[in-house]
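Asks: My structure is stored as final-v2.txt, with compact mmCIF, C-alpha atoms.
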# COMPACT_ATOMS: atom_id res chain seq x y z
CA MET A 77 14.74 -27.07 11.91
CA ARG A 78 16.85 -27.18 8.79
CA LYS A 79 13.95 -28.94 7.11
CA LEU A 80 11.70 -26.08 8.14
CA LEU A 81 14.14 -23.63 6.61
CA TYR A 82 14.17 -25.62 3.38
CA ILE A 83 10.37 -25.72 3.30
CA PHE A 84 10.20 -21.94 3.65
CA SER A 85 12.78 -21.45 0.93
CA VAL A 86 10.94 -23.79 -1.44
CA MET A 87 7.62 -22.10 -0.64
CA SER A 88 8.97 -18.65 -1.41
CA ILE A 89 10.53 -19.85 -4.69
CA CYS A 90 7.24 -21.52 -5.66
CA LEU A 91 5.28 -18.34 -4.96
CA LEU A 92 7.71 -16.30 -7.03
CA SER A 93 7.52 -18.70 -9.94
CA THR A 94 3.70 -18.80 -9.86
CA GLN A 95 3.69 -15.07 -10.42
CA VAL A 96 5.69 -15.56 -13.59
CA VAL A 97 4.07 -18.71 -14.86
CA ILE A 98 0.37 -17.96 -14.57
CA ALA A 99 -0.73 -17.39 -18.11
CA ALA A 100 -3.23 -15.02 -19.52
CA ASP A 101 -6.67 -16.48 -19.25
CA THR A 102 -8.44 -13.23 -18.98
CA THR A 103 -11.29 -13.47 -21.36
CA GLN A 104 -13.99 -14.12 -18.89
CA LYS A 105 -17.54 -14.37 -19.92
CA ILE A 106 -19.12 -12.29 -17.24
CA ASP A 107 -22.62 -11.07 -16.88
CA GLN A 108 -23.02 -8.42 -19.45
CA THR A 109 -25.14 -5.37 -19.39
CA ILE A 110 -25.88 -5.35 -23.05
CA THR A 111 -28.87 -3.53 -24.34
CA THR A 112 -29.89 -3.93 -27.91
CA ALA A 113 -30.83 -0.80 -29.78
CA THR A 114 -31.68 0.13 -33.27
CA THR A 115 -30.04 3.27 -34.51
CA ASN A 116 -30.70 5.50 -37.45
CA GLN A 117 -27.26 7.01 -37.50
CA PRO A 118 -25.30 7.17 -40.76
CA LYS A 119 -23.02 4.30 -41.52
CA SER A 120 -19.44 4.47 -40.45
CA ASP A 121 -16.64 3.52 -42.82
CA SER A 122 -15.65 0.76 -40.48
CA GLU A 123 -17.38 -2.60 -40.58
CA ILE A 124 -17.88 -2.43 -36.87
CA GLN A 125 -18.37 0.96 -35.34
CA VAL A 126 -17.04 1.35 -31.81
CA GLU A 127 -17.88 4.52 -29.96
CA ILE A 128 -17.67 5.64 -26.35
CA ILE A 129 -21.04 7.31 -25.98
CA SER A 130 -20.84 8.26 -22.32
CA PRO A 131 -19.15 10.12 -20.77
CA LYS A 132 -17.74 12.41 -23.45
CA LYS A 133 -14.81 13.31 -21.23
CA ILE A 134 -13.75 12.81 -17.64
CA ASP A 135 -12.31 15.69 -15.70
CA SER A 136 -12.23 14.79 -12.07
CA SER A 137 -10.16 14.08 -8.99
CA PRO A 138 -9.45 10.78 -7.24
CA VAL A 139 -11.44 8.68 -6.48
CA TYR A 140 -13.52 8.63 -9.68
CA ASP A 141 -16.09 5.88 -10.05
CA GLY A 142 -18.03 5.75 -13.27
CA THR A 143 -19.27 3.62 -16.08
CA ILE A 144 -18.02 3.81 -19.63
CA ASP A 145 -20.82 3.19 -22.11
CA ILE A 146 -19.57 1.79 -25.40
CA LYS A 147 -21.74 1.46 -28.47
CA VAL A 148 -20.81 -1.32 -30.84
CA LYS A 149 -22.63 -1.37 -34.17
CA ASN A 150 -22.49 -3.81 -37.04
CA ASN A 151 -22.32 -1.76 -40.23
CA THR A 152 -22.12 -4.72 -42.59
CA HIS A 153 -24.90 -6.64 -44.26
CA GLN A 154 -24.01 -9.89 -42.58
CA THR A 155 -24.16 -11.20 -39.05
CA ILE A 156 -20.88 -11.01 -37.16
CA SER A 157 -20.47 -13.31 -34.22
CA ASN A 158 -17.94 -14.13 -31.54
CA MET A 159 -16.52 -10.76 -30.57
CA GLY A 160 -14.91 -9.31 -27.48
CA CYS A 161 -15.04 -5.71 -26.35
CA TYR A 162 -12.33 -4.31 -24.09
CA LEU A 163 -10.83 -1.14 -22.71
CA THR A 164 -7.26 0.07 -23.13
CA ILE A 165 -5.74 2.81 -21.03
CA VAL A 166 -2.89 5.04 -22.17
CA ASP A 167 -1.15 7.34 -19.73
CA VAL A 168 -0.19 10.44 -21.69
CA GLY A 169 2.10 12.01 -19.09
CA ARG A 170 4.02 8.89 -18.20
CA ASN A 171 4.13 7.41 -21.72
CA GLN A 172 2.84 4.02 -20.80
CA THR A 173 -0.18 1.79 -20.94
CA TYR A 174 -1.76 0.30 -17.86
CA PRO A 175 -2.88 -3.16 -16.92
CA VAL A 176 -6.47 -2.06 -16.61
CA ASP A 177 -7.16 -4.02 -13.46
CA GLU A 178 -5.43 -1.05 -11.84
CA PHE A 179 -8.58 0.85 -12.79
CA GLY A 180 -11.00 -1.43 -10.96
CA GLU A 181 -11.69 -5.10 -10.93
CA ASN A 182 -14.26 -4.93 -13.71
CA ALA A 183 -12.29 -2.76 -16.12
CA TYR A 184 -9.87 -5.47 -17.19
CA GLN A 185 -12.42 -8.04 -18.25
CA THR A 186 -13.38 -8.42 -21.88
CA ARG A 187 -17.08 -8.36 -22.63
CA THR A 188 -18.24 -11.05 -25.00
CA ILE A 189 -20.62 -10.13 -27.79
CA GLU A 190 -22.15 -13.35 -29.07
CA LYS A 191 -23.42 -11.93 -32.36
CA LEU A 192 -24.56 -8.78 -34.08
CA ILE A 193 -27.05 -8.90 -36.90
CA PRO A 194 -26.71 -6.28 -39.70
CA GLU A 195 -27.33 -2.75 -38.46
CA GLU A 196 -27.71 -3.96 -34.88
CA ALA A 197 -26.06 -1.97 -32.12
CA VAL A 198 -25.37 -2.93 -28.54
CA THR A 199 -24.29 -0.83 -25.62
CA ILE A 200 -21.70 -2.27 -23.32
CA GLN A 201 -21.02 -0.84 -19.91
CA ILE A 202 -17.61 -1.09 -18.29
CA PRO A 203 -17.27 0.28 -14.76
CA VAL A 204 -14.00 2.02 -13.97
CA HIS A 205 -12.50 3.01 -10.66
CA ILE A 206 -9.78 5.62 -11.09
CA LEU A 207 -7.35 6.25 -8.27
CA TYR A 208 -4.42 7.62 -10.23
CA VAL A 209 -3.72 11.22 -11.00
CA GLY A 210 -2.72 12.12 -14.54
CA GLN A 211 -3.85 12.47 -18.14
CA PHE A 212 -5.17 9.35 -19.77
CA ARG A 213 -6.86 8.22 -22.94
CA PHE A 214 -9.38 5.41 -22.63
CA THR A 215 -9.98 3.56 -25.86
CA ALA A 216 -12.61 0.94 -26.48
CA SER A 217 -11.85 -1.82 -28.95
CA VAL A 218 -13.72 -4.77 -30.36
CA ILE A 219 -11.97 -7.86 -31.60
CA ALA A 220 -13.68 -10.25 -33.98
CA TYR A 221 -12.16 -13.56 -32.96
CA ASP A 222 -13.03 -15.32 -36.23
CA THR A 223 -11.24 -12.83 -38.47
CA ASN A 224 -8.80 -11.44 -35.90
CA GLN A 225 -9.80 -7.92 -36.92
CA ILE A 226 -9.68 -5.20 -34.28
CA TYR A 227 -11.89 -2.13 -34.40
CA THR A 228 -11.15 0.83 -32.19
CA GLY A 229 -13.15 3.98 -31.65
CA ALA A 230 -12.08 7.50 -30.75
CA ALA A 231 -10.35 7.87 -27.39
CA LEU A 232 -12.02 9.28 -24.33
CA PRO A 233 -9.87 12.01 -22.74
CA VAL A 234 -9.52 11.56 -18.99
CA THR A 235 -7.92 14.11 -16.71
CA ILE A 236 -7.61 13.31 -13.04
CA THR A 237 -6.26 16.14 -10.95
CA ALA A 238 -4.80 15.72 -7.50
CA VAL A 239 -6.57 17.38 -4.64
CA SER A 240 -3.51 17.57 -2.46
CA ASN A 241 -3.15 19.73 0.57
CA LEU A 242 0.24 18.21 1.31
CA GLN A 243 2.11 20.69 3.45
CA LYS A 244 5.60 20.34 2.09
CA GLN A 245 7.26 22.53 4.71
CA VAL A 246 5.70 20.59 7.59
CA VAL A 247 6.80 17.25 6.11
CA ILE A 248 10.35 18.46 5.49
CA GLY A 249 10.48 20.09 8.93
CA THR A 250 9.37 16.86 10.62
CA SER A 251 11.84 14.85 8.54
CA VAL A 252 14.72 17.04 9.67
CA VAL A 253 13.70 17.50 13.30
CA MET A 254 12.85 13.86 14.14
CA PRO A 255 16.29 12.29 13.49
CA ILE A 256 18.06 15.18 15.22
CA LEU A 257 15.75 14.82 18.23
CA LEU A 258 16.30 11.07 18.38
CA LEU A 259 20.04 11.48 17.96
CA GLY A 260 20.06 13.93 20.87
CA ILE A 261 18.06 11.55 23.06
CA GLY A 262 20.25 8.61 22.02
CA VAL A 263 23.50 10.44 22.76
CA GLY A 264 22.07 11.61 26.09
CA ILE A 265 21.13 8.06 27.13
CA TRP A 266 24.49 6.71 25.95
CA LYS A 267 26.42 9.37 27.94
CA ARG A 268 24.38 8.68 31.08
CA ARG A 269 25.03 4.98 30.77
CA LYS A 270 28.74 5.64 30.28
CA GLU A 271 28.87 7.82 33.40
CA ASN A 272 27.06 5.16 35.44
CA MET B 86 10.04 -10.14 39.16
CA ILE B 87 8.38 -10.01 35.76
CA ASN B 88 8.77 -6.23 35.60
CA THR B 89 12.49 -6.57 36.35
CA MET B 90 12.84 -9.20 33.64
CA ILE B 91 11.00 -7.10 31.08
CA LYS B 92 13.11 -4.03 31.95
CA LYS B 93 16.28 -6.11 31.61
CA GLU B 94 15.21 -7.47 28.23
CA PHE B 95 14.13 -4.04 27.01
CA ARG B 96 17.50 -2.56 28.01
CA GLU B 97 19.30 -5.43 26.31
CA CYS B 98 17.32 -4.92 23.13
CA LEU B 99 17.88 -1.18 23.24
CA PHE B 100 21.59 -1.08 24.04
CA GLU B 101 23.25 -4.44 23.51
CA SER B 102 21.36 -5.47 20.40
CA LYS B 103 21.79 -1.97 18.96
CA GLY B 104 18.04 -1.38 19.15
CA LEU B 105 18.60 2.32 19.83
CA TRP B 106 20.49 2.71 16.58
CA MET B 107 17.90 0.69 14.72
CA VAL B 108 15.21 3.07 15.98
CA PHE B 109 17.33 6.03 14.91
CA SER B 110 18.01 4.46 11.51
CA THR B 111 14.28 3.89 11.05
CA ALA B 112 13.67 7.59 11.70
CA VAL B 113 16.40 8.54 9.20
CA LEU B 114 14.91 6.22 6.57
CA LEU B 115 11.43 7.60 7.12
CA SER B 116 12.82 11.13 6.84
CA ILE B 117 14.55 10.32 3.55
CA LEU B 118 11.39 8.70 2.16
CA SER B 119 9.24 11.66 3.21
CA ILE B 120 11.62 14.22 1.69
CA VAL B 121 11.83 12.21 -1.54
CA VAL B 122 8.06 11.84 -1.82
CA VAL B 123 7.34 15.55 -1.38
CA ASN B 124 10.09 16.59 -3.79
CA ILE B 125 9.87 14.20 -6.73
CA LYS B 126 7.56 15.01 -9.62
CA GLU B 127 5.72 11.73 -9.26
CA GLY B 128 4.98 12.55 -5.63
CA SER B 129 3.37 15.84 -6.55
CA VAL B 130 0.76 14.13 -8.72
CA LEU B 131 -0.05 11.44 -6.21
CA ALA B 132 -3.21 11.84 -4.20
CA GLN B 133 -2.45 12.67 -0.58
CA THR B 134 -4.30 9.57 0.62
CA ASP B 135 -2.04 7.46 -1.62
CA ILE B 136 1.06 9.04 -0.08
CA LEU B 137 -0.43 8.33 3.35
CA GLN B 138 -0.86 4.68 2.42
CA TYR B 139 2.72 4.44 1.12
CA ALA B 140 3.93 5.97 4.37
CA MET B 141 1.91 3.48 6.42
CA LYS B 142 3.31 0.57 4.40
CA ALA B 143 6.86 1.87 4.87
CA ILE B 144 6.26 2.23 8.63
CA PHE B 145 4.94 -1.33 8.83
CA PHE B 146 7.83 -2.75 6.87
CA LEU B 147 10.52 -0.96 8.86
CA THR B 148 8.89 -1.73 12.21
CA PHE B 149 8.51 -5.41 11.41
CA ILE B 150 12.05 -5.78 10.06
CA VAL B 151 13.63 -4.24 13.16
CA SER B 152 11.36 -6.23 15.49
CA LEU B 153 12.06 -9.46 13.62
CA VAL B 154 15.82 -9.00 13.78
CA LEU B 155 15.68 -8.22 17.51
CA GLY B 156 13.16 -10.98 18.23
CA ALA B 157 15.01 -13.57 16.18
CA SER B 158 18.25 -12.88 18.02
CA SER B 159 16.76 -12.67 21.53
CA PHE B 160 17.43 -16.25 22.70
CA VAL B 161 20.08 -17.11 20.12
CA SER B 162 22.31 -14.23 21.23
CA GLU B 163 22.17 -15.59 24.81
CA ARG B 164 23.42 -18.93 23.48
CA GLU B 165 26.10 -17.35 21.32
CA GLU B 166 27.36 -15.24 24.23
CA ASN B 167 27.22 -18.26 26.60
CA THR B 168 24.82 -16.52 28.99
CA MET B 169 21.96 -18.92 28.40
CA GLU B 170 23.07 -21.28 31.16
CA SER B 171 23.04 -18.60 33.84
CA LEU B 172 19.68 -17.38 32.55
CA LEU B 173 18.24 -20.89 32.86
CA LEU B 174 19.63 -21.20 36.39
CA THR B 175 17.63 -18.19 37.59
CA PRO B 176 14.35 -19.01 39.38
CA VAL B 177 12.35 -17.85 36.37
CA SER B 178 10.18 -20.25 34.45
CA LYS B 179 10.77 -20.82 30.75
CA GLU B 180 7.39 -19.30 29.96
CA MET B 181 8.19 -16.21 31.98
CA LEU B 182 11.56 -15.91 30.26
CA THR B 183 9.90 -16.18 26.84
CA PHE B 184 7.26 -13.65 27.82
CA SER B 185 9.79 -11.10 29.10
CA LYS B 186 11.90 -11.40 25.93
CA TYR B 187 8.74 -11.10 23.83
CA VAL B 188 7.57 -7.96 25.64
CA GLY B 189 11.10 -6.48 25.53
CA VAL B 190 11.20 -6.72 21.73
CA LEU B 191 7.59 -5.62 21.47
CA LEU B 192 8.41 -2.39 23.30
CA ILE B 193 11.06 -1.53 20.71
CA GLY B 194 8.48 -2.11 17.97
CA CYS B 195 6.04 0.12 19.81
CA ALA B 196 8.75 2.79 20.10
CA ILE B 197 9.26 2.69 16.33
CA LEU B 198 5.51 2.92 15.73
CA ALA B 199 5.43 5.87 18.12
CA ILE B 200 8.27 7.76 16.43
CA SER B 201 6.55 7.17 13.06
CA MET B 202 3.43 9.00 14.11
CA PRO B 203 4.79 12.56 13.58
CA TYR B 204 5.63 11.62 9.97
CA LEU B 205 2.13 10.28 9.42
CA VAL B 206 0.54 13.37 10.92
CA ALA B 207 2.79 15.66 8.83
CA ILE B 208 1.90 13.84 5.60
CA GLY B 209 -1.80 13.64 6.43
CA LEU B 210 -2.21 17.29 7.46
CA GLY B 211 -4.84 18.98 5.34
CA THR B 212 -6.92 15.85 4.89
CA GLN B 213 -9.65 14.44 7.06
CA PHE B 214 -7.67 11.24 7.45
CA VAL B 215 -4.97 12.16 9.96
CA GLY B 216 -6.75 10.54 12.90
CA THR B 217 -7.94 7.58 10.84
CA SER B 218 -4.47 6.86 9.48
CA VAL B 219 -2.95 7.04 12.98
CA ILE B 220 -5.63 4.70 14.39
CA LEU B 221 -5.24 2.29 11.45
CA THR B 222 -1.44 2.25 11.75
CA LEU B 223 -1.53 1.61 15.48
CA PHE B 224 -4.32 -0.95 15.24
CA ILE B 225 -3.18 -2.95 12.21
CA GLY B 226 0.50 -2.40 12.97
CA GLY B 227 -0.10 -3.44 16.57
CA ILE B 228 -1.76 -6.74 15.66
CA LEU B 229 0.88 -7.57 13.05
CA GLU B 230 3.70 -6.52 15.37
CA LEU B 231 2.37 -8.85 18.10
CA SER B 232 2.26 -11.69 15.55
CA PHE B 233 5.64 -11.19 13.87
CA VAL B 234 7.51 -10.73 17.16
CA ALA B 235 5.92 -13.93 18.50
CA ILE B 236 7.11 -15.83 15.42
CA ALA B 237 10.61 -14.34 15.58
CA VAL B 238 11.05 -15.09 19.31
CA ALA B 239 9.79 -18.64 18.71
CA PHE B 240 12.38 -19.15 15.96
CA SER B 241 15.01 -17.73 18.28
CA ILE B 242 14.14 -20.42 20.83
CA LEU B 243 14.22 -23.20 18.30
CA PHE B 244 17.31 -22.33 16.27
CA GLN B 245 20.89 -22.57 17.38
CA SER B 246 22.39 -19.89 15.16
CA SER B 247 21.24 -16.31 14.85
CA LYS B 248 21.75 -16.42 11.07
CA ALA B 249 19.22 -19.22 10.65
CA SER B 250 16.80 -17.62 13.07
CA ILE B 251 16.91 -14.16 11.47
CA LEU B 252 16.81 -15.55 7.94
CA THR B 253 13.79 -17.73 8.64
CA SER B 254 11.95 -14.89 10.35
CA ILE B 255 12.59 -12.55 7.41
CA LEU B 256 11.53 -15.29 5.03
CA VAL B 257 8.23 -15.56 6.90
CA LEU B 258 7.82 -11.79 6.66
CA ILE B 259 8.45 -11.89 2.89
CA LEU B 260 6.04 -14.79 2.43
CA VAL B 261 3.31 -13.01 4.35
CA PHE B 262 3.98 -9.72 2.52
CA MET B 263 4.05 -11.26 -0.97
CA PRO B 264 0.30 -11.73 -1.57
CA GLY B 265 -0.22 -8.12 -0.50
CA MET B 266 2.16 -7.01 -3.25
CA MET B 267 0.46 -9.07 -5.96
CA SER B 268 -0.84 -7.23 -8.95
CA GLY B 269 -2.25 -7.92 -12.36
CA LEU B 270 -3.54 -11.28 -13.42
CA LEU B 271 -2.33 -13.25 -10.43
CA LYS B 272 -4.52 -11.09 -8.21
CA GLN B 273 -7.58 -12.07 -10.22
CA SER B 274 -6.77 -15.78 -10.47
CA VAL B 275 -8.27 -18.39 -8.15
CA ILE B 276 -4.95 -18.85 -6.33
CA GLY B 277 -4.60 -15.11 -6.05
CA ARG B 278 -8.08 -14.65 -4.64
CA ILE B 279 -7.57 -17.40 -2.06
CA LEU B 280 -4.19 -15.98 -1.03
CA LEU B 281 -5.59 -12.48 -0.80
CA ARG B 282 -8.45 -13.64 1.38
CA MET B 283 -6.16 -15.52 3.74
CA ASP B 284 -3.20 -13.20 3.88
CA PRO B 285 -3.16 -10.79 6.84
CA ILE B 286 -1.01 -8.19 5.07
CA ALA B 287 -3.21 -8.18 1.95
CA ASN B 288 -6.26 -7.74 4.18
CA ALA B 289 -4.53 -4.94 6.07
CA PHE B 290 -3.70 -3.18 2.78
CA ASP B 291 -7.26 -3.68 1.52
CA MET B 292 -8.59 -2.19 4.73
CA MET B 293 -6.28 0.82 4.36
CA LYS B 294 -7.27 1.32 0.74
CA ALA B 295 -10.98 1.02 1.46
CA VAL B 296 -10.84 3.53 4.31
CA LEU B 297 -8.35 6.04 2.89
CA SER B 298 -8.87 5.85 -0.88
CA ASP B 299 -12.46 4.72 -1.24
CA GLN B 300 -13.44 6.67 1.88
CA LEU B 301 -15.61 3.88 3.27
CA PRO B 302 -16.48 3.84 6.96
CA ILE B 303 -13.91 2.03 9.09
CA HIS B 304 -16.52 -0.19 10.81
CA GLU B 305 -17.54 -1.61 7.43
CA GLN B 306 -14.03 -2.89 6.93
CA LEU B 307 -14.03 -5.21 9.93
CA VAL B 308 -14.48 -8.09 7.47
CA HIS B 309 -10.72 -7.88 6.96
CA LEU B 310 -10.03 -8.50 10.65
CA PRO B 311 -10.46 -12.32 10.88
CA SER B 312 -7.32 -13.07 8.87
CA LEU B 313 -5.30 -10.71 11.08
CA VAL B 314 -6.70 -12.26 14.26
CA ILE B 315 -6.17 -15.81 12.97
CA PHE B 316 -2.56 -14.94 12.12
CA LEU B 317 -2.09 -13.55 15.63
CA ILE B 318 -3.58 -16.67 17.23
CA ILE B 319 -1.34 -18.96 15.13
CA ALA B 320 1.71 -16.87 16.06
CA PHE B 321 0.81 -17.04 19.77
CA ILE B 322 0.27 -20.79 19.66
CA PHE B 323 3.65 -21.14 17.95
CA LEU B 324 5.30 -18.97 20.62
CA CYS B 325 3.64 -20.89 23.48
CA TRP B 326 4.73 -24.21 21.97
CA ALA B 327 8.28 -22.94 21.44
CA GLY B 328 8.31 -21.35 24.94
CA GLY B 329 8.21 -24.78 26.50
CA LYS B 330 11.27 -25.81 24.51
CA VAL B 331 13.68 -23.18 25.83
CA SER B 332 16.92 -25.04 26.38
CA LEU B 333 20.64 -24.50 26.62
CA LYS B 334 21.09 -25.46 23.01
CA GLY B 335 18.67 -24.89 20.20
CA GLU B 336 18.08 -27.34 17.43
CA LYS B 337 20.66 -27.61 14.69
How does this structure look as structure tokens?
Replies:
Amino acid sequence: MRKLLYIFSVMSICLLSTQVVIAADTTQKIDQTITTATTNQPKSDSEIQVEIISPKKIDSSPVYDGTIDIKVKNNTHQTISNMGCYLTIVDVGRNQTYPVDEFGENAYQTRTIEKLIPEEAVTIQIPVHILYVGQFRFTASVIAYDTNQIYTGAALPVTITAVSNLQKQVVIGTSVVMPILLLGIGVGIWKRRKEN
Amino acid sequence: MINTMIKKEFRECLFESKGLWMVFSTAVLLSILSIVVVNIKEGSVLAQTDILQYAMKAIFFLTFIVSLVLGASSFVSEREENTMESLLLTPVSKEMLTFSKYVGVLLIGCAILAISMPYLVAIGLGTQFVGTSVILTLFIGGILELSFVAIAVAFSILFQSSKASILTSILVLILVFMPGMMSGLLKQSVIGRILLRMDPIANAFDMMKAVLSDQLPIHEQLVHLPSLVIFLIIAFIFLCWAGGKVSLKGEK
């Protein structure tokens, strides 16, 4: 039995350490929904233009399910290859960023862009699943792995408002009454036992 | 005979193992948690379904902890108080003895689940999920309670000291709870996915999230049931195996 106890202890330590050790291997090449488009828009100052084209803002309540459409355009005169597009989430109210897997399984994955010829634009779709209430800014970024340059577009404002009908008085009332009730019952049973 | 045994074990759990005070303490803890959640700023921006899920998780955790402690000390306490011999001399089979202790502890767990219901109803009022959350808590909590108590009573039969028995039972609880608490990259890794698929608690949490947050129909979430049922079967097999080993002294 002591062996069994040891095995359980070792197993729990192993599980704890795995959580710490597992390294970031997040850049998964998943099936992309990339549509190539030719645009006639004026050139941006940036070499690679990153823009969240849809939606323009999110003002909703939980649960919000939607797709963020990001346009990535090569503004240079040369082909740029080997890029990754990803989403970053900033929580304005709580002053923190989020691991984006909190916003749906697909939100955390980087989308690989194999190459962009001059003036070519692609649209990348990232589905998000928002459960949290608060004010956020979603930013889309593209990293060019060969040059290590990062290009980020304007942030998408996201406001998720709680639809809460939480009846504070009822909850507090229950929280006060229940222990008193149980204490009364407990004391009653204890007294009866003592008398017997 | 069996009814008498169960009543005796239930009374023992309630009065001699301080079960009554554990039930009361659980109510106090739930009250504190509820008051904190409705008063803190963070609580006010949480969706009500999220608060419901937190409440359900707290109820599960408290119920299982109390049941595990009572279950893990059921046979060991008899040994430590030198009453095991007289218990074994009674014309009750070992299996019957195990069953009565198991049901005695189970009833305390059920009592805790029952006293948790008013909290759940109070938190869920105003949403369409009051009934669903009660059903889910009783259903999932019931299956897990049956499993954890079986494991704890089995450890109580096998171990000689209550410390070892309680510690091992709580260790099992932590191990089973851990995959359900995983977040971030580990959740997405191969190990994480396998653990999440196998783990009964993770499946229970997924089921709760799908029904309460994603508002999916409850019958579509029955895919999460196999891991819970398998866990229950394993726990029962373990209890049946241990039931045949009831002896004056446990193993060192």
Asks: Between atom CA of Phe95 of chain B and atom CA of Leu155 of chain B, what is the distance, to one decimal in Å?
Replies: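 One can read the atom CA of Phe95 of chain B to atom CA of Leu155 of chain B distance as 10.5 Å.
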Asks: Smallest atom-to-atom distance to Ser116 of chain B: which of B:Cys98, B:Leu297, B:Leu205, B:Leu198, using only C-alpha atoms?
Replies: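 Answer, going by the shortest atom-to-atom distance: B:Leu205.
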Asks: Would you give me, as a PyMOL selection string, the residues of chain B that come within 7 Å of chain A, using only C-alpha atoms?
Replies: chain B and resi 105+109+112-113+116+119-120+123+130-133+203-204+207-208+210-212+244+253+256+260+269+271+298-299+336-337
Asks: What does the distance between atom CA of Ile156 of chain A and atom CA of Leu192 of chain A come to in Å, to one decimal place?
Replies: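 Atom CA of Leu192 of chain A lies 5.3 Å from atom CA of Ile156 of chain A.
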Asks: I need the residue nearest Leu137 of chain B from this list: B:Met293, B:Lys334, B:Val275, B:Ser158. Use all atoms listed in the file for the distance.
Replies: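 Checking each of B:Met293, B:Lys334, B:Val275, B:Ser158 against Leu137 of chain B, counting all atoms listed in the file, the winner is B:Met293.
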